[in-house]
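**Q** Sharing upload-v3.txt (compact mmCIF, C-alpha atoms) below.
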# COMPACT_ATOMS: atom_id res chain seq x y z
CA MET A 1290 -32.41 36.00 -48.43
CA THR A 1291 -29.13 36.75 -50.23
CA ILE A 1292 -27.03 34.04 -51.87
CA LEU A 1293 -24.57 34.38 -48.98
CA GLU A 1294 -27.34 33.81 -46.44
CA GLU A 1295 -28.69 30.94 -48.56
CA LYS A 1296 -25.19 29.44 -48.68
CA CYS A 1297 -25.15 29.27 -44.87
CA LEU A 1298 -28.10 26.84 -45.08
CA ALA A 1299 -26.05 24.21 -46.94
CA GLY A 1300 -24.93 21.70 -44.33
CA CYS A 1301 -21.53 20.22 -45.15
CA CYS A 1302 -23.08 16.71 -44.84
CA GLY A 1303 -25.68 17.38 -47.54
CA LEU A 1304 -28.61 18.22 -45.30
CA TYR A 1305 -30.23 21.54 -46.20
CA CYS A 1306 -30.90 23.58 -43.06
CA GLY A 1307 -33.73 25.60 -44.62
CA LEU A 1308 -35.90 22.47 -44.50
CA CYS A 1309 -35.05 21.59 -40.91
CA PRO A 1310 -37.63 22.05 -38.12
CA ARG A 1311 -34.93 23.45 -35.84
CA PHE A 1312 -34.13 26.17 -38.39
CA GLN A 1313 -37.80 26.91 -39.13
CA SER A 1314 -38.64 27.14 -35.41
CA LYS A 1315 -39.45 30.51 -33.85
CA ALA A 1316 -38.30 29.32 -30.40
CA PRO A 1317 -35.32 30.93 -28.61
CA SER A 1318 -33.37 27.70 -29.22
CA ARG A 1319 -33.76 28.10 -33.00
CA CYS A 1320 -30.77 26.81 -34.97
CA LEU A 1321 -29.21 29.29 -37.40
CA GLY A 1322 -28.00 26.58 -39.74
CA CYS A 1323 -24.97 24.33 -39.84
CA GLN A 1324 -22.59 26.97 -41.21
CA LEU A 1325 -23.33 29.54 -38.46
CA GLY A 1326 -23.13 29.51 -34.69
CA GLU A 1327 -21.59 26.95 -32.37
CA GLN A 1328 -24.26 24.24 -32.61
CA HIS A 1329 -22.18 22.30 -35.14
CA SER A 1330 -19.17 21.88 -32.83
CA TYR A 1331 -20.41 18.39 -31.82
CA CYS A 1332 -20.63 17.21 -35.44
CA SER A 1333 -17.73 15.02 -36.54
CA VAL A 1334 -18.59 15.59 -40.22
CA TYR A 1335 -18.38 19.38 -39.76
CA ARG A 1336 -15.09 19.09 -37.86
CA CYS A 1337 -13.62 16.89 -40.60
CA CYS A 1338 -14.99 18.75 -43.63
CA VAL A 1339 -14.84 22.39 -42.60
CA VAL A 1340 -12.35 22.61 -39.73
CA LYS A 1341 -9.79 19.97 -40.72
CA ARG A 1342 -10.00 20.07 -44.53
CA GLY A 1343 -11.18 23.64 -45.08
CA LEU A 1344 -14.01 22.57 -47.41
CA PHE A 1345 -17.53 23.92 -47.61
CA THR A 1346 -19.32 20.60 -48.17
CA CYS A 1347 -18.36 16.96 -48.38
CA ALA A 1348 -19.13 17.18 -52.12
CA ASP A 1349 -15.76 18.97 -52.44
CA CYS A 1350 -13.83 16.14 -50.77
CA ASP A 1351 -11.70 13.64 -52.69
CA GLU A 1352 -12.77 10.93 -50.21
CA TYR A 1353 -16.54 11.49 -50.70
CA PRO A 1354 -18.46 9.51 -49.58
CA CYS A 1355 -16.34 8.50 -46.62
CA GLU A 1356 -17.10 6.08 -43.82
CA ARG A 1357 -17.58 8.90 -41.29
CA LEU A 1358 -20.21 10.64 -43.43
CA LEU A 1359 -22.08 7.39 -44.07
CA ARG A 1360 -22.03 6.51 -40.36
CA VAL A 1361 -23.27 9.95 -39.21
CA LEU A 1362 -26.05 9.94 -41.79
CA GLY A 1363 -27.08 6.45 -40.66
CA VAL A 1364 -26.82 5.11 -44.20
CA GLU A 1365 -25.80 1.62 -43.13
CA GLU A 1366 -28.48 1.40 -40.44
CA GLY A 1367 -31.08 3.36 -42.42
CA LEU A 1368 -31.83 5.67 -39.49
CA ASP A 1369 -32.71 9.35 -39.15
CA SER A 1370 -32.42 11.78 -36.26
CA PHE A 1371 -34.90 14.66 -35.90
CA ILE A 1372 -34.69 15.29 -39.65
CA SER A 1373 -34.74 12.87 -42.57
CA HIS A 1374 -31.24 11.97 -43.71
CA LYS A 1375 -32.53 10.41 -46.94
CA PRO A 1376 -31.79 13.43 -49.15
CA ALA A 1377 -28.25 14.11 -47.80
CA LEU A 1378 -26.23 11.98 -50.24
CA PRO A 1379 -28.41 12.85 -53.27
CA ASN A 1380 -27.99 16.52 -52.29
CA LEU A 1381 -24.19 16.17 -52.22
CA ASP A 1382 -24.31 14.35 -55.56
CA ARG A 1383 -26.41 17.22 -56.94
CA ILE A 1384 -23.87 19.79 -55.68
CA ARG A 1385 -21.13 17.85 -57.49
CA GLU A 1386 -23.24 17.72 -60.63
CA VAL A 1387 -24.53 21.30 -60.93
CA GLY A 1388 -22.49 23.34 -58.43
CA LEU A 1389 -23.44 24.89 -55.11
CA GLU A 1390 -25.18 27.99 -56.49
CA THR A 1391 -27.57 26.05 -58.75
CA TYR A 1392 -28.23 23.54 -55.96
CA LEU A 1393 -29.05 26.39 -53.55
CA GLY A 1394 -31.52 27.85 -56.05
CA GLU A 1395 -33.29 24.49 -56.15
CA ARG A 1396 -33.33 24.22 -52.35
CA LYS A 1397 -34.58 27.81 -52.01
CA GLU A 1398 -37.73 26.80 -53.91
CA ARG A 1399 -38.32 24.03 -51.36
CA ARG A 1400 -37.60 26.37 -48.43
CA LEU A 1401 -40.14 28.89 -49.69
CA LEU A 1402 -42.73 26.11 -50.04
CA VAL A 1403 -42.21 24.89 -46.46
CA GLU A 1404 -42.38 28.47 -45.20
CA HIS A 1405 -45.71 28.88 -47.02
CA LEU A 1406 -47.02 25.66 -45.45
CA LEU A 1407 -45.90 26.73 -41.98
CA ALA A 1408 -47.34 30.23 -42.31
CA ASN A 1409 -50.73 29.03 -43.54
CA TYR A 1410 -51.34 25.46 -42.30
CA ASN A 1411 -49.28 24.81 -39.16
CA GLU A 1412 -51.50 24.45 -36.12
CA GLY A 1413 -48.41 23.96 -33.94
CA ARG A 1414 -47.93 20.24 -34.57
CA SER A 1415 -47.17 19.99 -38.29
CA MET A 1416 -43.72 21.58 -38.60
CA SER A 1417 -41.68 18.36 -38.73
CA PHE A 1418 -44.12 16.79 -41.18
CA PHE A 1419 -44.10 19.80 -43.52
CA CYS A 1420 -40.30 20.02 -43.35
CA ALA A 1421 -39.91 16.30 -44.16
CA ALA A 1422 -42.42 16.52 -47.00
CA SER A 1423 -40.65 19.54 -48.50
CA ALA A 1424 -37.29 17.77 -48.25
CA LEU A 1425 -38.43 14.44 -49.70
CA MET A 1426 -41.14 15.27 -52.24
CA PRO A 1427 -40.71 17.00 -55.59
CA PRO A 1428 -41.76 20.66 -55.34
CA ASP A 1429 -44.50 20.16 -57.95
CA LEU A 1430 -46.27 17.72 -55.60
CA ILE A 1431 -46.16 20.24 -52.74
CA ARG A 1432 -47.55 22.90 -55.07
CA GLN A 1433 -50.26 20.43 -56.11
CA ALA A 1434 -51.25 19.94 -52.45
CA ILE A 1435 -51.38 23.71 -51.94
CA ALA A 1436 -53.56 24.14 -55.05
CA GLU A 1437 -55.89 21.37 -53.83
CA MET A 1438 -56.18 23.09 -50.45
CA GLU A 1439 -56.99 26.40 -52.13
CA ARG A 1440 -59.79 24.64 -54.07
CA MET A 1441 -61.14 23.10 -50.85
CA LEU A 1442 -61.09 26.50 -49.13
CA THR A 1443 -62.80 28.18 -52.10
CA ASN A 1444 -65.49 25.47 -52.19
CA ASN A 1445 -65.94 25.69 -48.38
CA GLN A 1446 -64.94 22.04 -47.97
CA VAL A 1447 -62.57 23.26 -45.26
CA SER A 1448 -63.18 26.33 -43.12
CA GLY A 1449 -60.58 29.02 -43.70
CA SER A 1450 -60.91 30.10 -40.07
CA ASP A 1451 -60.30 26.61 -38.62
CA LEU A 1452 -56.51 26.20 -38.52
CA LYS A 1453 -56.72 22.65 -37.14
CA ALA A 1454 -58.99 21.58 -40.01
CA LYS A 1455 -56.74 23.26 -42.57
CA ALA A 1456 -53.65 21.57 -41.09
CA LYS A 1457 -55.33 18.16 -41.06
CA ALA A 1458 -56.54 18.53 -44.65
CA MET A 1459 -53.11 19.71 -45.84
CA ARG A 1460 -51.29 16.85 -44.10
CA SER A 1461 -53.77 14.39 -45.58
CA SER A 1462 -53.35 15.80 -49.09
CA ILE A 1463 -49.55 15.74 -48.84
CA GLN A 1464 -49.55 12.21 -47.41
CA GLU A 1465 -51.82 10.97 -50.20
CA LEU A 1466 -49.63 12.51 -52.91
CA ALA A 1467 -46.50 11.09 -51.26
CA SER A 1468 -48.07 7.61 -51.06
CA GLN A 1469 -49.10 7.76 -54.72
CA ALA A 1470 -45.50 8.69 -55.60
CA GLY A 1471 -44.06 5.91 -53.40
CA ILE A 1472 -42.44 8.39 -50.99
CA ASP A 1473 -42.26 7.48 -47.30
CA LEU A 1474 -42.38 10.63 -45.16
CA LYS A 1475 -41.82 8.93 -41.80
CA LEU A 1476 -38.50 9.30 -40.01
CA ARG A 1477 -36.56 6.04 -39.72
CA LYS A 1478 -35.99 5.44 -35.99
CA LYS A 1479 -34.49 2.62 -33.93
CA PRO A 1480 -37.18 0.28 -32.61
CA LYS A 1481 -37.85 0.82 -28.90
Could I get this file's structure written as structure tokens?
**A**
Amino acid sequence: MTILEEKCLAGCCGLYCGLCPRFQSKAPSRCLGCQLGEQHSYCSVYRCCVVKRGLFTCADCDEYPCERLLRVLGVEEGLDSFISHKPALPNLDRIREVGLETYLGERKERRLLVEHLLANYNEGRSMSFFCAASALMPPDLIRQAIAEMERMLTNNQVSGSDLKAKAKAMRSSIQELASQAGIDLKLRKKPK
């Protein structure tokens, strides 16, 4: 992926589209990312940041972080939608700190890790989990889980031909590492 293509994965709100299940999907309804297509037309943050102010991300705005951004990200309520909103504000802070190009290089590492997980350990039900883990956990912990899985496969603790067993073992390894690091991988939803 070129830097221009990578740049299209930077959502103006601070979410990184490369770690989103809707971007990683192979379905016909796959999202191309927040900077491409018409799917963002409903987003008030996009309309304010890109359309009204002509900015690329909210990190470029003099009013950052504004009430609209905080409301859309569910900061006050502590809620997520189909993707974890937890990294959005830290991502925007990181863009302000190091610049968009450096930030995108860091996110690319995470995107490549989630793509590795999906290609090798997704039995069809783990995409959202792997995307959330790659967005919320440090990359070294994801690499540690992959290395542990490779050891288990080499030692025949998990059958390399049983995708369901590989997916279960990988999710378990990631969850354990996240718990040890004090990272909650669950989406924050409104109680029913």
**Q** Just checking: using only C-alpha atoms, which residue out of A:Asn1409, A:Asn1380, A:Asn1444, A:Thr1391 ends up closest to A:Ala1424?
**A**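 Between A:Asn1409, A:Asn1380, A:Asn1444, A:Thr1391, the residue approaching A:Ala1424 most closely is A:Asn1380.
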**Q** Give me, please, the distance in Å between atom CA of A:Val1340 and atom CA of A:Ser1370, quoted to one decimal.
**A**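 We find that atom CA of A:Val1340 and atom CA of A:Ser1370 lie 23.1 Å from each other.
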**Q** Atom CA of A:Cys1420 and atom CA of A:Val1339 are how many Å apart?
**A**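 Interatomic distance here is 25.6 Å.
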**Q** What separation in Å, quoted to one decimal, exists between atom CA of A:Thr1346 and atom CA of A:Ser1318?
**A**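 Here the two named atoms are 24.6 Å from each other.
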**Q** Let me make sure I understand: among A:Leu1298, A:Tyr1410, A:Pro1428, A:Gly1322, which one has the smallest atom-to-atom distance to A:Val1447 if we use only C-alpha atoms?
**A** A:Tyr1410
**Q** Between A:Leu1466, A:Cys1323, A:Met1426, A:Cys1337, which one has atoms that come closest to A:Arg1396, using only C-alpha atoms?
**A**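 Ranking A:Leu1466, A:Cys1323, A:Met1426, A:Cys1337 by distance to A:Arg1396, first place goes to A:Met1426.
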**Q** Rank nothing, just name the residue among A:Leu1406, A:Ile1463, A:Ile1384, A:Ala1436 nearest to A:Ala1348, using only C-alpha atoms.
**A**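 Closest candidate: A:Ile1384.
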**Q** Quick one: residues within 10 Å of A:Met1416, all atoms listed in the file, excluding same-chain residues fewer than 2 positions away - as a list in words?
**A**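 Returned residues: Leu1308, Cys1309, Pro1310, Arg1311, Gln1313, Ser1314, Val1403, Glu1404, Leu1406, Leu1407, Tyr1410, Asn1411, Glu1412, Gly1413, Arg1414, Phe1418, Phe1419, Cys1420, Ala1421 and Ala1422 of chain A.
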**Q** Between A:Asp1369, A:Asp1429, A:Asp1451, A:Glu1437, which is the closest to A:Ala1470 once you count all atoms listed in the file?
**A**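 Among the listed residues, A:Asp1429 lies closest to A:Ala1470.
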**Q** Using all atoms listed in the file, find the one residue out of A:Leu1344, A:Gly1307, A:Leu1474, A:Cys1320 that sits nearest to A:Glu1395.
**A** A:Gly1307
**Q** Can you tell me, as a PyMOL selection string, what residues are no more than 7 Å from stretch 1299-1301 of chain A when counting only C-alpha atoms, ignoring any on the same chain fewer than 6 positions away?
**A** chain A and resi 1323-1324+1335+1338+1345-1347
